[in-house]
>>> print(open('work.cif').read())   # mmCIF, C-alpha atoms
data_input
loop_
_atom_site.label_atom_id
_atom_site.label_comp_id
_atom_site.auth_asym_id
_atom_site.auth_seq_id
_atom_site.Cartn_x
_atom_site.Cartn_y
_atom_site.Cartn_z
CA MET V 1 0.00 0.00 0.00
CA ALA V 2 1.08 3.56 -0.68
CA GLU V 3 1.99 5.76 2.27
CA THR V 4 -0.58 8.21 3.59
CA LYS V 5 -0.55 11.43 1.58
CA LYS V 6 -0.51 14.68 3.52
CA ILE V 7 -2.14 17.95 2.42
CA SER V 8 -1.81 21.45 3.93
CA LEU V 9 -4.13 24.34 3.07
CA VAL V 10 -4.01 28.04 4.02
CA VAL V 11 -7.14 30.23 4.14
CA SER V 12 -6.52 33.97 4.58
CA GLU V 13 -9.73 35.38 3.07
CA GLY V 14 -13.09 35.19 4.79
CA THR V 15 -15.34 35.00 1.75
CA PHE V 16 -17.85 32.29 0.86
CA ASP V 17 -15.94 30.99 -2.15
CA LYS V 18 -12.59 30.53 -0.40
CA ALA V 19 -14.30 29.19 2.73
CA MET V 20 -16.31 26.59 0.82
CA MET V 21 -13.45 25.53 -1.47
CA SER V 22 -11.08 24.98 1.43
CA MET V 23 -13.60 22.82 3.27
CA MET V 24 -14.66 20.88 0.17
CA MET V 25 -11.01 20.16 -0.66
CA ALA V 26 -10.24 19.25 2.94
CA ASN V 27 -13.23 16.92 3.25
CA THR V 28 -12.57 15.31 -0.13
CA ALA V 29 -8.94 14.72 0.84
CA ALA V 30 -9.93 13.30 4.24
CA SER V 31 -12.45 10.98 2.57
CA MET V 32 -9.64 9.76 0.31
CA GLY V 33 -7.63 8.83 3.39
CA MET V 34 -5.23 11.77 3.28
CA GLU V 35 -3.93 13.49 6.43
CA VAL V 36 -5.32 17.03 6.20
CA HIS V 37 -4.19 20.31 7.81
CA VAL V 38 -6.01 23.65 7.30
CA PHE V 39 -4.49 26.86 8.66
CA PHE V 40 -6.85 29.85 8.99
CA THR V 41 -5.04 33.20 9.15
CA PHE V 42 -5.75 36.92 8.67
CA PHE V 43 -9.37 37.48 7.48
CA GLY V 44 -9.73 33.72 7.18
CA LEU V 45 -9.60 33.40 10.96
CA ASN V 46 -13.05 34.97 11.24
CA LEU V 47 -14.46 31.82 9.65
CA LEU V 48 -13.57 29.84 12.76
CA LYS V 49 -15.73 31.95 15.08
CA LYS V 50 -18.93 30.18 16.12
CA GLY V 51 -21.91 30.54 13.76
CA GLN V 52 -20.19 32.10 10.76
CA ASN V 53 -22.10 32.48 7.53
CA PRO V 54 -19.64 33.85 4.93
CA LYS V 55 -20.70 35.88 1.89
CA LEU V 56 -19.39 36.06 -1.67
CA PRO V 57 -16.96 38.96 -2.24
CA GLY V 58 -17.72 42.42 -3.65
CA MET V 59 -20.48 42.68 -6.20
CA TYR V 60 -21.21 38.95 -5.94
CA ARG V 61 -22.30 39.32 -2.32
CA LEU V 62 -26.00 39.32 -3.20
CA PHE V 63 -25.67 36.01 -5.02
CA THR V 64 -24.54 34.12 -1.92
CA GLY V 65 -28.06 32.83 -1.27
CA VAL V 66 -28.47 31.55 -4.81
CA PHE V 67 -25.16 29.73 -4.61
CA SER V 68 -25.98 28.25 -1.21
CA LYS V 69 -29.30 26.94 -2.50
CA ARG V 70 -27.74 25.38 -5.58
CA MET V 71 -25.09 23.79 -3.39
CA ALA V 72 -27.74 22.40 -1.06
CA ASN V 73 -29.51 20.97 -4.13
CA VAL V 74 -26.44 18.91 -5.03
CA GLY V 75 -25.92 17.85 -1.42
CA ILE V 76 -23.31 20.38 -0.29
CA GLY V 77 -24.13 21.79 3.15
CA ASP V 78 -23.34 25.29 4.33
CA PHE V 79 -19.96 26.36 5.71
CA SER V 80 -20.72 25.52 9.34
CA SER V 81 -21.78 21.99 8.43
CA GLN V 82 -18.71 21.57 6.19
CA LEU V 83 -16.45 22.70 9.03
CA LYS V 84 -18.19 20.31 11.44
CA MET V 85 -17.77 17.49 8.92
CA ALA V 86 -14.08 18.33 8.60
CA LEU V 87 -13.55 18.12 12.34
CA ASP V 88 -15.55 14.87 12.48
CA LEU V 89 -13.39 13.41 9.68
CA GLY V 90 -10.25 14.21 11.66
CA VAL V 91 -9.12 17.20 9.62
CA ASN V 92 -6.68 19.32 11.66
CA VAL V 93 -8.14 22.84 11.76
CA TYR V 94 -5.85 25.57 13.08
CA GLY V 95 -6.37 29.21 14.00
CA CYS V 96 -3.26 31.37 13.49
CA SER V 97 -2.03 32.49 16.93
CA THR V 98 -0.64 35.82 15.67
CA THR V 99 -3.96 36.70 13.99
CA MET V 100 -5.83 35.79 17.19
CA ASP V 101 -3.73 38.41 18.98
CA LEU V 102 -4.22 40.98 16.22
CA MET V 103 -7.97 40.52 15.88
CA ARG V 104 -8.51 39.85 19.58
CA ILE V 105 -10.19 36.53 18.93
CA THR V 106 -10.01 34.02 21.79
CA LYS V 107 -10.02 30.22 21.63
CA GLU V 108 -13.39 30.28 23.42
CA GLN V 109 -14.96 32.30 20.56
CA MET V 110 -13.93 29.66 18.06
CA VAL V 111 -15.69 26.44 17.12
CA ASP V 112 -14.88 23.52 19.43
CA GLY V 113 -12.10 21.30 18.17
CA VAL V 114 -10.07 24.07 16.50
CA LYS V 115 -6.39 24.12 17.49
CA VAL V 116 -4.08 27.12 17.85
CA LEU V 117 -0.88 27.22 15.79
CA GLY V 118 1.83 29.73 14.85
CA ALA V 119 3.34 30.34 11.41
CA ALA V 120 6.47 28.34 12.27
CA GLY V 121 4.39 25.35 13.32
CA PHE V 122 2.40 25.52 10.11
CA LEU V 123 5.51 25.81 7.93
CA ASN V 124 6.93 22.69 9.55
CA ILE V 125 3.75 20.77 8.70
CA ALA V 126 3.67 22.19 5.16
CA ALA V 127 7.31 21.29 4.52
CA ASP V 128 6.41 17.68 5.26
CA SER V 129 3.27 17.64 3.08
CA ASP V 130 2.71 16.24 -0.41
CA VAL V 131 0.30 19.02 -1.36
CA GLN V 132 0.31 22.65 -0.18
CA LEU V 133 -2.25 25.11 -1.43
CA PHE V 134 -2.81 28.70 -0.36
CA VAL V 135 -6.51 28.82 -1.21
CA GLY V 136 -6.67 32.63 -1.02
CA MET Y 1 18.47 12.95 -17.65
CA ALA Y 2 16.22 14.22 -14.90
CA GLU Y 3 12.69 12.85 -14.66
CA THR Y 4 9.81 14.91 -16.05
CA LYS Y 5 8.63 17.48 -13.50
CA LYS Y 6 4.90 17.76 -12.92
CA ILE Y 7 3.00 20.96 -12.04
CA SER Y 8 -0.62 21.41 -10.92
CA LEU Y 9 -2.42 24.76 -10.86
CA VAL Y 10 -5.85 25.75 -9.53
CA VAL Y 11 -7.78 28.76 -10.84
CA SER Y 12 -10.90 29.75 -8.85
CA GLU Y 13 -11.20 33.42 -9.82
CA GLY Y 14 -12.33 34.62 -13.23
CA THR Y 15 -10.36 37.85 -13.44
CA PHE Y 16 -7.85 38.87 -16.10
CA ASP Y 17 -4.82 38.76 -13.83
CA LYS Y 18 -5.41 35.27 -12.45
CA ALA Y 19 -6.47 34.00 -15.88
CA MET Y 20 -3.37 35.33 -17.61
CA MET Y 21 -0.93 34.27 -14.88
CA SER Y 22 -2.25 30.72 -14.84
CA MET Y 23 -1.91 30.39 -18.61
CA MET Y 24 1.51 32.07 -18.75
CA MET Y 25 2.80 29.77 -16.00
CA ALA Y 26 1.23 26.73 -17.65
CA ASN Y 27 2.66 27.54 -21.06
CA THR Y 28 6.09 28.37 -19.66
CA ALA Y 29 6.12 25.08 -17.76
CA ALA Y 30 4.98 23.14 -20.82
CA SER Y 31 7.69 24.79 -22.94
CA MET Y 32 10.22 23.67 -20.31
CA GLY Y 33 9.09 20.09 -20.79
CA MET Y 34 7.02 19.82 -17.63
CA GLU Y 35 3.77 17.86 -17.43
CA VAL Y 36 1.11 20.49 -16.68
CA HIS Y 37 -2.37 20.24 -15.13
CA VAL Y 38 -4.70 23.24 -14.65
CA PHE Y 39 -7.94 22.83 -12.72
CA PHE Y 40 -10.59 25.55 -13.21
CA THR Y 41 -13.14 25.71 -10.40
CA PHE Y 42 -15.73 28.11 -8.94
CA PHE Y 43 -15.60 31.52 -10.74
CA GLY Y 44 -12.53 30.29 -12.62
CA LEU Y 45 -14.71 27.84 -14.54
CA ASN Y 46 -16.29 30.70 -16.49
CA LEU Y 47 -12.92 31.20 -18.19
CA LEU Y 48 -13.35 27.91 -20.01
CA LYS Y 49 -16.57 28.93 -21.76
CA LYS Y 50 -16.05 29.71 -25.44
CA GLY Y 51 -14.99 33.28 -26.29
CA GLN Y 52 -14.16 34.55 -22.82
CA ASN Y 53 -12.50 37.92 -22.43
CA PRO Y 54 -11.74 38.37 -18.71
CA LYS Y 55 -11.42 41.77 -17.03
CA LEU Y 56 -9.20 43.06 -14.22
CA PRO Y 57 -10.92 43.03 -10.79
CA GLY Y 58 -12.73 45.91 -9.06
CA MET Y 59 -11.44 49.40 -9.70
CA TYR Y 60 -8.79 48.09 -12.09
CA ARG Y 61 -11.46 46.88 -14.53
CA LEU Y 62 -11.08 49.91 -16.81
CA PHE Y 63 -7.36 49.28 -17.23
CA THR Y 64 -7.83 45.84 -18.80
CA GLY Y 65 -7.46 47.29 -22.31
CA VAL Y 66 -4.21 49.09 -21.45
CA PHE Y 67 -2.77 45.90 -19.96
CA SER Y 68 -3.87 43.82 -22.93
CA LYS Y 69 -2.21 46.24 -25.35
CA ARG Y 70 1.05 46.30 -23.40
CA MET Y 71 1.01 42.52 -23.28
CA ALA Y 72 0.42 42.34 -27.02
CA ASN Y 73 3.40 44.70 -27.47
CA VAL Y 74 5.71 42.24 -25.72
CA GLY Y 75 4.25 39.30 -27.63
CA ILE Y 76 1.72 37.98 -25.10
CA GLY Y 77 -1.59 37.15 -26.74
CA ASP Y 78 -5.02 37.46 -25.10
CA PHE Y 79 -6.52 34.83 -22.81
CA SER Y 80 -8.24 32.85 -25.58
CA SER Y 81 -5.01 32.54 -27.54
CA GLN Y 82 -3.09 31.60 -24.37
CA LEU Y 83 -5.64 28.89 -23.61
CA LYS Y 84 -5.46 27.59 -27.17
CA MET Y 85 -1.66 27.56 -26.95
CA ALA Y 86 -1.88 25.61 -23.69
CA LEU Y 87 -4.11 22.96 -25.25
CA ASP Y 88 -1.82 22.80 -28.30
CA LEU Y 89 1.21 22.32 -26.01
CA GLY Y 90 -0.48 19.37 -24.32
CA VAL Y 91 -1.42 21.14 -21.09
CA ASN Y 92 -4.21 19.22 -19.31
CA VAL Y 93 -7.04 21.71 -18.80
CA TYR Y 94 -9.87 20.59 -16.50
CA GLY Y 95 -13.26 22.02 -15.64
CA CYS Y 96 -14.44 21.16 -12.11
CA SER Y 97 -17.41 18.81 -12.38
CA THR Y 98 -19.09 20.08 -9.18
CA THR Y 99 -18.86 23.69 -10.37
CA MET Y 100 -20.31 22.68 -13.76
CA ASP Y 101 -23.35 21.36 -11.89
CA LEU Y 102 -23.60 24.45 -9.66
CA MET Y 103 -23.23 26.97 -12.47
CA ARG Y 104 -25.12 24.87 -15.01
CA ILE Y 105 -22.26 24.93 -17.48
CA THR Y 106 -22.14 22.02 -19.93
CA LYS Y 107 -19.13 20.45 -21.62
CA GLU Y 108 -20.50 21.73 -24.95
CA GLN Y 109 -20.31 25.34 -23.76
CA MET Y 110 -16.63 24.95 -22.98
CA VAL Y 111 -13.65 25.27 -25.30
CA ASP Y 112 -12.84 22.08 -27.23
CA GLY Y 113 -10.19 19.95 -25.58
CA VAL Y 114 -11.14 20.78 -21.99
CA LYS Y 115 -11.60 17.72 -19.76
CA VAL Y 116 -14.01 17.28 -16.85
CA LEU Y 117 -12.59 16.35 -13.43
CA GLY Y 118 -13.76 16.18 -9.81
CA ALA Y 119 -11.94 17.44 -6.72
CA ALA Y 120 -10.78 13.93 -5.78
CA GLY Y 121 -9.29 13.41 -9.22
CA PHE Y 122 -7.47 16.71 -9.01
CA LEU Y 123 -6.13 16.02 -5.51
CA ASN Y 124 -4.70 12.72 -6.73
CA ILE Y 125 -2.85 14.52 -9.52
CA ALA Y 126 -1.68 17.29 -7.17
CA ALA Y 127 -0.37 14.80 -4.60
CA ASP Y 128 1.85 13.38 -7.30
CA SER Y 129 3.12 16.78 -8.56
CA ASP Y 130 6.40 18.58 -7.89
CA VAL Y 131 4.73 22.00 -7.89
CA GLN Y 132 1.21 22.91 -6.77
CA LEU Y 133 -0.02 26.47 -6.88
CA PHE Y 134 -3.50 27.80 -6.15
CA VAL Y 135 -3.25 30.85 -8.40
CA GLY Y 136 -6.29 32.55 -6.86
CA MET Q 1 20.75 16.53 10.67
CA ALA Q 2 17.92 17.01 8.24
CA GLU Q 3 18.64 18.67 4.91
CA THR Q 4 17.78 22.36 4.45
CA LYS Q 5 14.13 22.79 3.52
CA LYS Q 6 13.34 25.10 0.63
CA ILE Q 7 10.23 27.30 0.31
CA SER Q 8 8.98 29.30 -2.70
CA LEU Q 9 6.27 31.95 -2.49
CA VAL Q 10 4.46 33.94 -5.21
CA VAL Q 11 2.88 37.35 -4.56
CA SER Q 12 0.69 38.73 -7.36
CA GLU Q 13 -1.54 41.11 -5.40
CA GLY Q 14 -0.32 44.41 -3.98
CA THR Q 15 -2.56 44.64 -0.92
CA PHE Q 16 -1.50 44.96 2.71
CA ASP Q 17 -2.71 41.50 3.76
CA LYS Q 18 -0.94 39.56 1.00
CA ALA Q 19 2.17 41.73 1.34
CA MET Q 20 2.43 41.23 5.10
CA MET Q 21 1.62 37.51 5.03
CA SER Q 22 4.25 36.81 2.39
CA MET Q 23 6.93 38.64 4.36
CA MET Q 24 5.92 37.15 7.71
CA MET Q 25 5.99 33.64 6.21
CA ALA Q 26 9.29 34.34 4.47
CA ASN Q 27 10.93 35.72 7.60
CA THR Q 28 9.59 32.94 9.81
CA ALA Q 29 10.89 30.35 7.35
CA ALA Q 30 14.29 32.07 7.13
CA SER Q 31 14.51 32.20 10.94
CA MET Q 32 13.83 28.45 10.96
CA GLY Q 33 16.83 27.92 8.70
CA MET Q 34 14.88 27.34 5.48
CA GLU Q 35 16.09 28.56 2.09
CA VAL Q 36 13.45 31.09 1.00
CA HIS Q 37 12.46 32.43 -2.43
CA VAL Q 38 9.73 35.06 -2.98
CA PHE Q 39 8.63 35.95 -6.51
CA PHE Q 40 6.70 39.23 -6.94
CA THR Q 41 4.65 39.39 -10.12
CA PHE Q 42 1.74 41.35 -11.62
CA PHE Q 43 0.28 43.82 -9.05
CA GLY Q 44 2.60 42.31 -6.44
CA LEU Q 45 5.59 43.82 -8.23
CA ASN Q 46 4.54 47.31 -7.08
CA LEU Q 47 5.44 46.24 -3.53
CA LEU Q 48 9.10 46.15 -4.49
CA LYS Q 49 9.26 49.81 -5.50
CA LYS Q 50 11.04 51.96 -2.92
CA GLY Q 51 8.91 53.31 -0.05
CA GLN Q 52 5.75 51.27 -0.58
CA ASN Q 53 3.01 51.40 2.01
CA PRO Q 54 0.32 48.91 0.93
CA LYS Q 55 -3.33 49.19 1.91
CA LEU Q 56 -6.00 46.60 2.75
CA PRO Q 57 -8.26 45.75 -0.22
CA GLY Q 58 -11.67 47.22 -1.05
CA MET Q 59 -13.88 48.25 1.82
CA TYR Q 60 -11.19 47.27 4.34
CA ARG Q 61 -8.85 49.99 3.04
CA LEU Q 62 -9.71 52.41 5.85
CA PHE Q 63 -8.76 49.83 8.48
CA THR Q 64 -5.14 49.59 7.31
CA GLY Q 65 -3.99 52.01 10.00
CA VAL Q 66 -5.73 50.10 12.79
CA PHE Q 67 -4.16 46.85 11.61
CA SER Q 68 -0.73 48.42 11.32
CA LYS Q 69 -0.94 49.80 14.86
CA ARG Q 70 -2.06 46.47 16.30
CA MET Q 71 0.77 44.74 14.44
CA ALA Q 72 3.27 47.26 15.80
CA ASN Q 73 1.89 46.54 19.30
CA VAL Q 74 2.79 42.85 18.97
CA GLY Q 75 6.19 43.69 17.49
CA ILE Q 76 5.44 43.33 13.76
CA GLY Q 77 6.97 46.18 11.77
CA ASP Q 78 5.49 47.69 8.61
CA PHE Q 79 5.96 46.21 5.14
CA SER Q 80 9.15 48.13 4.33
CA SER Q 81 10.82 46.94 7.52
CA GLN Q 82 9.61 43.36 6.92
CA LEU Q 83 11.07 43.46 3.40
CA LYS Q 84 14.36 44.84 4.71
CA MET Q 85 14.46 42.13 7.35
CA ALA Q 86 13.85 39.50 4.67
CA LEU Q 87 16.76 40.76 2.59
CA ASP Q 88 18.95 40.91 5.71
CA LEU Q 89 18.01 37.31 6.57
CA GLY Q 90 19.10 36.17 3.11
CA VAL Q 91 15.63 35.68 1.63
CA ASN Q 92 15.81 35.70 -2.17
CA VAL Q 93 13.43 38.41 -3.36
CA TYR Q 94 12.67 38.48 -7.08
CA GLY Q 95 10.85 40.92 -9.33
CA CYS Q 96 9.17 39.26 -12.35
CA SER Q 97 10.98 40.41 -15.48
CA THR Q 98 7.88 40.23 -17.71
CA THR Q 99 5.88 42.36 -15.28
CA MET Q 100 8.74 44.89 -15.12
CA ASP Q 101 8.39 45.28 -18.90
CA LEU Q 102 4.59 45.49 -18.75
CA MET Q 103 4.46 48.01 -15.91
CA ARG Q 104 7.59 49.86 -17.01
CA ILE Q 105 9.28 49.38 -13.64
CA THR Q 106 13.07 49.46 -13.71
CA LYS Q 107 15.54 47.72 -11.38
CA GLU Q 108 16.61 51.17 -10.15
CA GLN Q 109 13.08 51.92 -8.92
CA MET Q 110 13.08 48.81 -6.80
CA VAL Q 111 14.49 48.29 -3.31
CA ASP Q 112 18.22 47.47 -3.26
CA GLY Q 113 18.95 43.76 -3.09
CA VAL Q 114 15.96 42.66 -5.19
CA LYS Q 115 16.86 40.31 -8.06
CA VAL Q 116 15.20 40.04 -11.48
CA LEU Q 117 13.81 36.66 -12.57
CA GLY Q 118 11.55 35.26 -15.30
CA ALA Q 119 8.72 32.77 -14.93
CA ALA Q 120 10.87 29.88 -16.17
CA GLY Q 121 13.56 30.65 -13.60
CA PHE Q 122 10.98 30.74 -10.86
CA LEU Q 123 9.34 27.47 -11.94
CA ASN Q 124 12.73 25.76 -11.81
CA ILE Q 125 13.23 26.94 -8.23
CA ALA Q 126 9.67 26.00 -7.26
CA ALA Q 127 10.01 22.51 -8.74
CA ASP Q 128 12.95 21.93 -6.42
CA SER Q 129 11.20 23.32 -3.30
CA ASP Q 130 9.57 21.50 -0.38
CA VAL Q 131 6.86 24.14 -0.01
CA GLN Q 132 5.26 26.26 -2.72
CA LEU Q 133 2.54 28.75 -1.90
CA PHE Q 134 0.85 31.27 -4.20
CA VAL Q 135 -0.03 33.76 -1.47
CA GLY Q 136 -2.49 35.68 -3.69
#
>>> encode(input="work.cif", output="structure tokens")
Amino acid sequence: MAETKKISLVVSEGTFDKAMMSMMMANTAASMGMEVHVFFTFFGLNLLKKGQNPKLPGMYRLFTGVFSKRMANVGIGDFSSQLKMALDLGVNVYGCSTTMDLMRITKEQMVDGVKVLGAAGFLNIAADSDVQLFVG
Amino acid sequence: MAETKKISLVVSEGTFDKAMMSMMMANTAASMGMEVHVFFTFFGLNLLKKGQNPKLPGMYRLFTGVFSKRMANVGIGDFSSQLKMALDLGVNVYGCSTTMDLMRITKEQMVDGVKVLGAAGFLNIAADSDVQLFVG
Amino acid sequence: MAETKKISLVVSEGTFDKAMMSMMMANTAASMGMEVHVFFTFFGLNLLKKGQNPKLPGMYRLFTGVFSKRMANVGIGDFSSQLKMALDLGVNVYGCSTTMDLMRITKEQMVDGVKVLGAAGFLNIAADSDVQLFVG
């Protein structure tokens, strides 16, 4: 058997598209048996606060509902359910410690199961991964 | 001789800058003898519809023409010609199957030569690549 | 001892968030003993001109000052000082030669110590790196 593949993702934007893509990639990878790490930093960190409902960026903002409905129609749940699925599948979800300081976000404000990690810790994981993608 | 290097790109935004960079990187890599895979997903999928002419994002939109002219002056053709060149050079160009469903885009609407691929298929290719870049 | 890890970053956007993240990642990696390469292309190239002071994107623009102050409070200097630190730490900072032509930016306009590199040169470096991230 092949060794377990390892994938590391970075999410630095807090918009619907980047949020959903990172979770759909993470959950697909986890379902394929990969070891998955997702590092939320800068504006991306907001996504880890409880009850987030991200919107599409700029002029697309108003189309978020349409997109969400179409996604639901093909069986893709909203961001919160995707994040919950990720944690249930064993995906490692990290909040960036420096961004937590900057944005004054505490561990208690974040979804249960999220870990805290610094840039150095993430780079060590990434350097040992087969796939690294900075989703945006 | 060294083994063939393999590069995988993701394009999730439909703007001129991300469109052009992905194609210029893909075509440069292909010209260097690399095996190239480009996966168009989310808003990026629109770029694969026939006759696309992407624009710069936000307030830069009006400068798209200036950029295009300067590019033409240094021998860089527009997006459609870059995409055609990529396909001619043997670059593997994929439309994301989930996004096709979501945005109701059919294979017939897309440029000839584009393949259809799911996230799992792309992750398998990426995990076996020397370079992976999520262009935006 | 383990071999030296190598990391390659691409910066194609000129906003505060992407600028700061690329430099913070680069400087963290350099401090960890990694060999670091950062390629500035498209709008990202503007960041290499002397005396740049990037702003947050879109509607966040007005919050750049607040962010900068909070960063200063936790010991993170502004972009110019981060870039200087990178060069001092031996980070390889490249301006994209094609973009220099397109945007009519000369080597003299750029910060001292910046090198000029084409896409092919960068792809060769990336293909030999342990981590590759397209920061945005």
>>> interface_residues(input="work.cif", of="chain V", to="chain Y", cutoff="12 Å", atoms="all atoms listed in the file", output="ChimeraX atom specification")
/V:2-13,16-36,56-60,63,66-76,129-136
>>> resolve_selection(input="work.cif", expression="the PyMOL selection byres ((chain Y and resi 111) around 6)", output="ChimeraX atom specification")
/Y:48-50,110,112
>>> write_last_selection(input="work.cif", atoms="C-alpha atoms", output="compact mmCIF listing (two decimals), in the coordinates of the input")
# COMPACT_ATOMS: atom_id res chain seq x y z
CA LEU Y 48 -13.35 27.91 -20.01
CA LYS Y 49 -16.57 28.93 -21.76
CA LYS Y 50 -16.05 29.71 -25.44
CA MET Y 110 -16.63 24.95 -22.98
CA ASP Y 112 -12.84 22.08 -27.23
>>> resolve_selection(input="work.cif", expression="the PyMOL selection byres ((chain Y and resi 54) around 8)", output="PyMOL selection string")
chain Y and resi 14-16+19+47+52-53+55-56+79
>>> axis_aligned_box(input="work.cif", around="region 104-112 of chain Y", padding_each_side="3 Å", output="lines of an AutoDock Vina configuration file")
center_x = -19.0
center_y = 22.9
center_z = -21.1
size_x = 18.3
size_y = 10.9
size_z = 18.2
>>> atom_distance(input="work.cif", atom1="CA of Gln109 (chain Q)", atom2="CA of Leu89 (chain Q)")
21.9 Å
>>> resolve_selection(input="work.cif", expression="the PyMOL selection byres ((chain V and resi 93) around 9)", output="NGL selection string")
:V and (36-40 or 48 or 83 or 86-87 or 90-92 or 94-95 or 113-116)
>>> atom_distance(input="work.cif", atom1="CA of Leu62 (chain Y)", atom2="CA of Lys84 (chain Y)")
25.2 Å
>>> build_atoms(input="work.cif", residues="region 10-25 of chain V", atoms="N, CA and C atoms", output="compact mmCIF listing (two decimals), keeping the file's coordinate frame")
# COMPACT_ATOMS: atom_id res chain seq x y z
N VAL V 10 -3.96 26.76 3.31
CA VAL V 10 -4.01 28.04 4.02
C VAL V 10 -5.24 28.79 3.54
N VAL V 11 -5.97 29.41 4.47
CA VAL V 11 -7.14 30.23 4.14
C VAL V 11 -6.95 31.59 4.81
N SER V 12 -6.76 32.65 4.00
CA SER V 12 -6.52 33.97 4.58
C SER V 12 -7.63 34.96 4.24
N GLU V 13 -8.59 34.53 3.42
CA GLU V 13 -9.73 35.38 3.07
C GLU V 13 -10.97 34.79 3.73
N GLY V 14 -11.93 35.66 4.05
CA GLY V 14 -13.09 35.19 4.79
C GLY V 14 -14.34 35.06 3.94
N THR V 15 -14.16 35.01 2.62
CA THR V 15 -15.34 35.00 1.75
C THR V 15 -15.86 33.58 1.51
N PHE V 16 -17.12 33.54 1.08
CA PHE V 16 -17.85 32.29 0.86
C PHE V 16 -17.09 31.34 -0.06
N ASP V 17 -16.59 31.86 -1.16
CA ASP V 17 -15.94 30.99 -2.15
C ASP V 17 -14.69 30.32 -1.58
N LYS V 18 -13.82 31.10 -0.94
CA LYS V 18 -12.59 30.53 -0.40
C LYS V 18 -12.91 29.61 0.78
N ALA V 19 -13.90 30.01 1.59
CA ALA V 19 -14.30 29.19 2.73
C ALA V 19 -14.81 27.82 2.27
N MET V 20 -15.70 27.84 1.29
CA MET V 20 -16.31 26.59 0.82
C MET V 20 -15.28 25.72 0.10
N MET V 21 -14.45 26.34 -0.74
CA MET V 21 -13.45 25.53 -1.47
C MET V 21 -12.49 24.85 -0.51
N SER V 22 -12.05 25.59 0.51
CA SER V 22 -11.08 24.98 1.43
C SER V 22 -11.71 23.79 2.15
N MET V 23 -12.95 23.92 2.56
CA MET V 23 -13.60 22.82 3.27
C MET V 23 -13.92 21.65 2.35
N MET V 24 -14.34 21.97 1.10
CA MET V 24 -14.66 20.88 0.17
C MET V 24 -13.39 20.11 -0.21
N MET V 25 -12.28 20.84 -0.39
CA MET V 25 -11.01 20.16 -0.66
C MET V 25 -10.57 19.34 0.54
